[in-house]
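Visitor: Below you'll find the structure I mean.
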Amino acid sequence: MSKGTVKNQSSIDDLCINTIRTLSMDAVQKANSGHPGAPMGLAPAGYTLWTRVLKHNPSNPDWPDRDRFVLSGGHASMLLYSLLHLTGYDLSLEEIQNFRQWGSKTPGHPEYGHTPGVETTTGPLGQGFANAVGMAMAERHLAACFNQPDHAIVDHCTYVMCGDGDLMEGVASEAASLAGHLGLGKLICLYDDNGISIEGSTDIAFTEKVGKRFDAYGWQVIKVKAGSDPDAIEKALKEAKAEAGKPSIIMLKTHIAHGSPHKQDSADAHGSPLGEEEIQLTKAALGWKEKSPFDIPKKALDKFRKCVKTGEKVEAGWKSTYQKYTKKYPELADAWVNALTRFMPKGWENQLPQFTPDQSPGHPRRIGQGPQCRGGYFPQPDGRLRRPGAFQQNLYRRQPRIPKNRLRRSQYSFWRA
Ligand SMILES: Cc1ncc(C[n+]2csc(CCOP(=O)(O)OP(=O)(O)O)c2C)c(N)n1
Ligand SMILES: [Mg+2]
């Protein structure tokens, strides 16, 4: 083993973490294709987030006020599939065994709308990170439009896991800059700072100071040296959640292919199966007792599945708030349903401004008038409802530009582009 230490499974936490690792290496091995290293290194972070912090209900992946989880490095998909199966989403063990097979629910990279619980399609590095920024913006916007002082029906965090490859991409930089500008305190990034990328050490092509860059963007930067320790990860997550005015990046020092005697900390584990022999050696090093591939210890499954009951309870709490909200604010509640179901009232298109080719110049500003003319009730960032009318021609423009970091009654400035 090159660096790092392997902690034998002495506790239920270790048993659960190793369950993610073994499922990931077994699935990649069976498919003879895939990326085992990142899921093995990120298993402690995934386990800690999903079982201790994430607000989710495996029985209802579409519950509107769930926390969002985005796996930006889609190549680490077996981490996500393991978590979905283990915590009780509608993703069977058979689907895990069919990883990367035609028609399965477990494609090489996660696909939105295909696998229950996958929040967005990821694979092109950096894109998931940017999507997460968009989700956090959406959360703030919805909260500003719909929450009332006595009833907060929108109050969730967005978590994104990303790797070196994501942070090399320009799209992630642009999105991170915007998130910092807007002070998106409910956006939390877990960065897999494993020092390895597809071609080898990050020394080859990625030596910038990531922490300093994010600090300059206006993010809270939290460094966790013990990136495989669930308690250290949980502490960092709590610190991140406590910072309401800035997004947070948690830089986790991890080991790609954690536990593998010959592949840990090596790019060999990035995108190839470990090999049958190495898997046996790794399982022995982890203190894994199960005999066959894909075996899941009952104790570990029981622990993970507690998420089902907890999730149902948390959603039930939200539902009771929502019911009170619908009674007290029936019009807003209607608008909320319309927004969620993307319902456009009949005849909305009649309110679009008309342009003819001779109108010059084809100024891009005119394009902005389109979405401003949506018919029907239009929820405003100040929580009031307005009916369509002449004023809508300049709906957004008439909104005051309220400074960043104001969670209520805030309005984004879309004039950045
Ligand atoms: C935009 C884009 N460029 C290239 C790739 C191909 N690719 C997939 S994973 C990867 C390396 C990612 O490195 P890292 O995030 O460090 O993952 P790790 O090796 O630590 O698992 C690359 C270049 C991609 N998926 N998307
Ligand atoms: Mg890496």
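Chain lettering (A, B, ...) mirrors the order of the structure tokens, residue numbering begins at 1 for each chain separately, and ligand numbering begins at 1 in order of display.
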As a quick test: using only C-alpha atoms and all ligand atoms, which residues lie no more than 6 Å away from ligand 2? Give them as number ranges by chain.
Guide: A: 163-164, 194-197
Visitor: Emit the selected residues as an mmCIF file, in the first residue's frame, including N, CA and C atoms.
Guide:
```
data_model
loop_
_atom_site.group_PDB
_atom_site.id
_atom_site.type_symbol
_atom_site.label_atom_id
_atom_site.label_comp_id
_atom_site.auth_asym_id
_atom_site.auth_seq_id
_atom_site.Cartn_x
_atom_site.Cartn_y
_atom_site.Cartn_z
ATOM 1 N N GLY A 163 -14.836 16.286 -8.114
ATOM 2 C CA GLY A 163 -13.443 15.872 -8.042
ATOM 3 C C GLY A 163 -12.543 16.888 -8.720
ATOM 4 N N ASP A 164 -11.282 16.500 -8.855
ATOM 5 C CA ASP A 164 -10.302 17.393 -9.485
ATOM 6 C C ASP A 164 -10.749 17.780 -10.895
ATOM 7 N N ASN A 194 -8.231 14.083 -3.873
ATOM 8 C CA ASN A 194 -7.459 12.834 -3.745
ATOM 9 C C ASN A 194 -6.114 12.880 -4.461
ATOM 10 N N GLY A 195 -5.800 14.001 -5.085
ATOM 11 C CA GLY A 195 -4.475 14.129 -5.696
ATOM 12 C C GLY A 195 -4.248 13.270 -6.922
ATOM 13 N N ILE A 196 -5.310 12.641 -7.395
ATOM 14 C CA ILE A 196 -5.184 11.745 -8.561
ATOM 15 C C ILE A 196 -6.259 12.097 -9.573
ATOM 16 N N SER A 197 -5.887 12.048 -10.832
ATOM 17 C CA SER A 197 -6.865 12.222 -11.898
ATOM 18 C C SER A 197 -6.621 11.133 -12.945
#
```
Visitor: Using the chain letters and numbers from this document, which residues of stretch 88-183 of chain A does DSSP assign to alpha helix (DSSP H), as a ChimeraX atom specification?
Guide: /A:93-97,127-146,164-168,170-182
Visitor: Would you mind exporting C-alpha atoms of the selected residues as a PDB file, in the first residue's frame?
Guide:
```pdb
ATOM      1  CA  LEU A  93     -29.591  -5.156  -5.912  1.00  0.00           C
ATOM      2  CA  GLU A  94     -30.219  -6.795  -9.270  1.00  0.00           C
ATOM      3  CA  GLU A  95     -29.872  -3.383 -10.904  1.00  0.00           C
ATOM      4  CA  ILE A  96     -26.551  -2.929  -9.125  1.00  0.00           C
ATOM      5  CA  GLN A  97     -25.477  -6.317 -10.450  1.00  0.00           C
ATOM      6  CA  GLN A 127     -21.606  20.527 -15.446  1.00  0.00           C
ATOM      7  CA  GLY A 128     -23.004  18.892 -12.332  1.00  0.00           C
ATOM      8  CA  PHE A 129     -21.303  21.508 -10.215  1.00  0.00           C
ATOM      9  CA  ALA A 130     -22.909  24.261 -12.297  1.00  0.00           C
ATOM     10  CA  ASN A 131     -26.300  22.520 -12.119  1.00  0.00           C
ATOM     11  CA  ALA A 132     -25.993  22.455  -8.351  1.00  0.00           C
ATOM     12  CA  VAL A 133     -25.411  26.208  -8.318  1.00  0.00           C
ATOM     13  CA  GLY A 134     -28.582  26.564 -10.403  1.00  0.00           C
ATOM     14  CA  MET A 135     -30.505  24.370  -7.969  1.00  0.00           C
ATOM     15  CA  ALA A 136     -29.340  26.467  -5.023  1.00  0.00           C
ATOM     16  CA  MET A 137     -30.402  29.629  -6.878  1.00  0.00           C
ATOM     17  CA  ALA A 138     -33.778  28.036  -7.581  1.00  0.00           C
ATOM     18  CA  GLU A 139     -34.182  27.192  -3.910  1.00  0.00           C
ATOM     19  CA  ARG A 140     -33.513  30.751  -2.887  1.00  0.00           C
ATOM     20  CA  HIS A 141     -35.812  32.136  -5.536  1.00  0.00           C
ATOM     21  CA  LEU A 142     -38.660  29.771  -4.578  1.00  0.00           C
ATOM     22  CA  ALA A 143     -38.145  30.575  -0.905  1.00  0.00           C
ATOM     23  CA  ALA A 144     -38.350  34.293  -1.665  1.00  0.00           C
ATOM     24  CA  CYS A 145     -41.484  33.821  -3.779  1.00  0.00           C
ATOM     25  CA  PHE A 146     -43.436  31.450  -1.582  1.00  0.00           C
ATOM     26  CA  ASP A 164     -10.302  17.393  -9.485  1.00  0.00           C
ATOM     27  CA  GLY A 165     -11.646  17.023 -13.021  1.00  0.00           C
ATOM     28  CA  ASP A 166     -14.755  19.073 -12.199  1.00  0.00           C
ATOM     29  CA  LEU A 167     -12.727  21.880 -10.716  1.00  0.00           C
ATOM     30  CA  MET A 168     -10.431  22.006 -13.738  1.00  0.00           C
ATOM     31  CA  GLY A 170     -14.195  26.511 -16.733  1.00  0.00           C
ATOM     32  CA  VAL A 171     -17.927  26.024 -16.312  1.00  0.00           C
ATOM     33  CA  ALA A 172     -17.403  25.164 -12.643  1.00  0.00           C
ATOM     34  CA  SER A 173     -15.330  28.331 -12.141  1.00  0.00           C
ATOM     35  CA  GLU A 174     -17.995  30.560 -13.637  1.00  0.00           C
ATOM     36  CA  ALA A 175     -20.742  28.941 -11.603  1.00  0.00           C
ATOM     37  CA  ALA A 176     -18.654  29.094  -8.423  1.00  0.00           C
ATOM     38  CA  SER A 177     -18.042  32.790  -8.971  1.00  0.00           C
ATOM     39  CA  LEU A 178     -21.778  33.430  -9.311  1.00  0.00           C
ATOM     40  CA  ALA A 179     -22.568  31.316  -6.247  1.00  0.00           C
ATOM     41  CA  GLY A 180     -20.030  33.308  -4.243  1.00  0.00           C
ATOM     42  CA  HIS A 181     -21.431  36.577  -5.520  1.00  0.00           C
ATOM     43  CA  LEU A 182     -24.952  35.579  -4.551  1.00  0.00           C
TER      44      LEU A 182
END
```
Visitor: Once you count only C-alpha atoms and all ligand atoms, which residues end up within 8 Å of ligand 1, and could you hand them over as a ChimeraX atom specification?
Guide: /A:35,37-39,73-76,123-127,162-167,169,192-200,202,256,267,269-271
Visitor: With C-alpha atoms retained, write the just-selected residues as a compact mmCIF listing (two decimals), in the first residue's frame.
Guide:
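What follows is the written file selection_33.txt:
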```txt
# COMPACT_ATOMS: atom_id res chain seq x y z
CA HIS A 35 -14.58 3.60 -12.15
CA GLY A 37 -11.54 4.32 -7.25
CA ALA A 38 -13.62 7.44 -6.56
CA PRO A 39 -16.58 5.59 -4.96
CA GLY A 73 -18.13 13.48 -11.17
CA GLY A 74 -20.62 11.14 -12.83
CA HIS A 75 -17.89 8.54 -13.38
CA ALA A 76 -18.23 7.76 -9.65
CA GLY A 123 -20.71 12.96 -16.74
CA PRO A 124 -19.35 16.01 -18.53
CA LEU A 125 -17.10 17.25 -15.73
CA GLY A 126 -18.01 20.59 -14.19
CA GLN A 127 -21.61 20.53 -15.45
CA CYS A 162 -16.98 16.87 -7.22
CA GLY A 163 -13.44 15.87 -8.04
CA ASP A 164 -10.30 17.39 -9.48
CA GLY A 165 -11.65 17.02 -13.02
CA ASP A 166 -14.76 19.07 -12.20
CA LEU A 167 -12.73 21.88 -10.72
CA GLU A 169 -13.40 22.90 -15.93
CA ASP A 192 -12.70 14.83 -3.42
CA ASP A 193 -9.18 16.13 -2.97
CA ASN A 194 -7.46 12.83 -3.74
CA GLY A 195 -4.48 14.13 -5.70
CA ILE A 196 -5.18 11.75 -8.56
CA SER A 197 -6.86 12.22 -11.90
CA ILE A 198 -7.25 10.17 -15.06
CA GLU A 199 -3.61 10.35 -16.16
CA GLY A 200 -1.91 10.12 -12.79
CA THR A 202 -2.67 15.99 -10.15
CA ILE A 256 -8.67 6.84 -4.49
CA ALA A 267 -4.58 6.38 -11.29
CA ALA A 269 -8.03 2.67 -10.05
CA HIS A 270 -9.57 5.67 -11.77
CA GLY A 271 -11.26 3.97 -14.70
```
Visitor: Going by DSSP on the backbone, which residues of stretch 21-126 of chain A come out as strand (DSSP E)? List them as a short mmCIF file (atom, residue, chain, number, x, y, z; two decimals) with N, CA and C atoms, in the first residue's frame.
Guide:
```cif
data_model
loop_
_atom_site.label_atom_id
_atom_site.label_comp_id
_atom_site.auth_asym_id
_atom_site.auth_seq_id
_atom_site.Cartn_x
_atom_site.Cartn_y
_atom_site.Cartn_z
N ARG A 68 -31.10 18.54 -2.17
CA ARG A 68 -30.64 18.02 -3.46
C ARG A 68 -29.21 17.49 -3.32
N PHE A 69 -28.96 16.37 -3.99
CA PHE A 69 -27.60 15.82 -4.02
C PHE A 69 -27.18 15.62 -5.47
N VAL A 70 -26.07 16.23 -5.83
CA VAL A 70 -25.57 16.10 -7.20
C VAL A 70 -24.17 15.48 -7.17
N LEU A 71 -24.04 14.40 -7.91
CA LEU A 71 -22.71 13.78 -8.04
C LEU A 71 -22.10 14.33 -9.33
#
```
Visitor: Give me the residues within 12 Å of A:Arg52 as a list in words, counting only C-alpha atoms and dropping any in the same chain fewer than 5 places off.
Guide: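 Returned residues: Asp13, Pro44, Ala45, Gly46, Tyr47, Thr87, Pro230, Asp231, Ile233, Glu234, Lys235, Leu237, Lys238, Lys303, Phe304, Lys306, Cys307, Thr310 and Gly311 of chain A.
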Visitor: Restricting it to C-alpha atoms, dump the selection as a PDB file, in the first residue's frame.
Guide:
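Saved to out_13.pdb:
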```pdb
ATOM      1  CA  ASP A  13     -19.791   3.069  10.454  1.00  0.00           C
ATOM      2  CA  PRO A  44     -17.158   7.753   4.025  1.00  0.00           C
ATOM      3  CA  ALA A  45     -18.395  11.131   2.751  1.00  0.00           C
ATOM      4  CA  GLY A  46     -21.354   9.534   0.975  1.00  0.00           C
ATOM      5  CA  TYR A  47     -22.262   7.469   4.008  1.00  0.00           C
ATOM      6  CA  THR A  87     -30.812   3.688   1.874  1.00  0.00           C
ATOM      7  CA  PRO A 230     -17.266  10.166   9.340  1.00  0.00           C
ATOM      8  CA  ASP A 231     -17.121  12.277  12.485  1.00  0.00           C
ATOM      9  CA  ILE A 233     -16.888  14.910   7.801  1.00  0.00           C
ATOM     10  CA  GLU A 234     -20.055  15.431   9.834  1.00  0.00           C
ATOM     11  CA  LYS A 235     -18.400  18.245  11.786  1.00  0.00           C
ATOM     12  CA  LEU A 237     -20.911  19.554   7.136  1.00  0.00           C
ATOM     13  CA  LYS A 238     -22.382  21.163  10.241  1.00  0.00           C
ATOM     14  CA  LYS A 303     -28.427   0.848   9.524  1.00  0.00           C
ATOM     15  CA  PHE A 304     -28.760   2.358   6.041  1.00  0.00           C
ATOM     16  CA  LYS A 306     -33.187   3.678   8.889  1.00  0.00           C
ATOM     17  CA  CYS A 307     -33.218   6.490   6.332  1.00  0.00           C
ATOM     18  CA  THR A 310     -36.511   9.063   9.180  1.00  0.00           C
ATOM     19  CA  GLY A 311     -37.278  10.357   5.689  1.00  0.00           C
TER      20      GLY A 311
END
```
Visitor: Residues of stretch 29-73 of chain A within 7 Å of stretch 273-284 of chain A: nearest atom pair and distance (Å, one decimal) for each, counting only C-alpha atoms, sorted by chain and number, as CSV?
Guide:
```
residue,atom,partner,partner_atom,distance
A:Gln29,CA,A:Pro273,CA,5.0
A:Asn32,CA,A:Pro273,CA,6.1
A:Ser33,CA,A:Pro273,CA,6.1
A:Gly34,CA,A:Pro273,CA,6.5
A:His35,CA,A:Pro273,CA,6.9
A:Pro36,CA,A:Pro273,CA,6.5
```
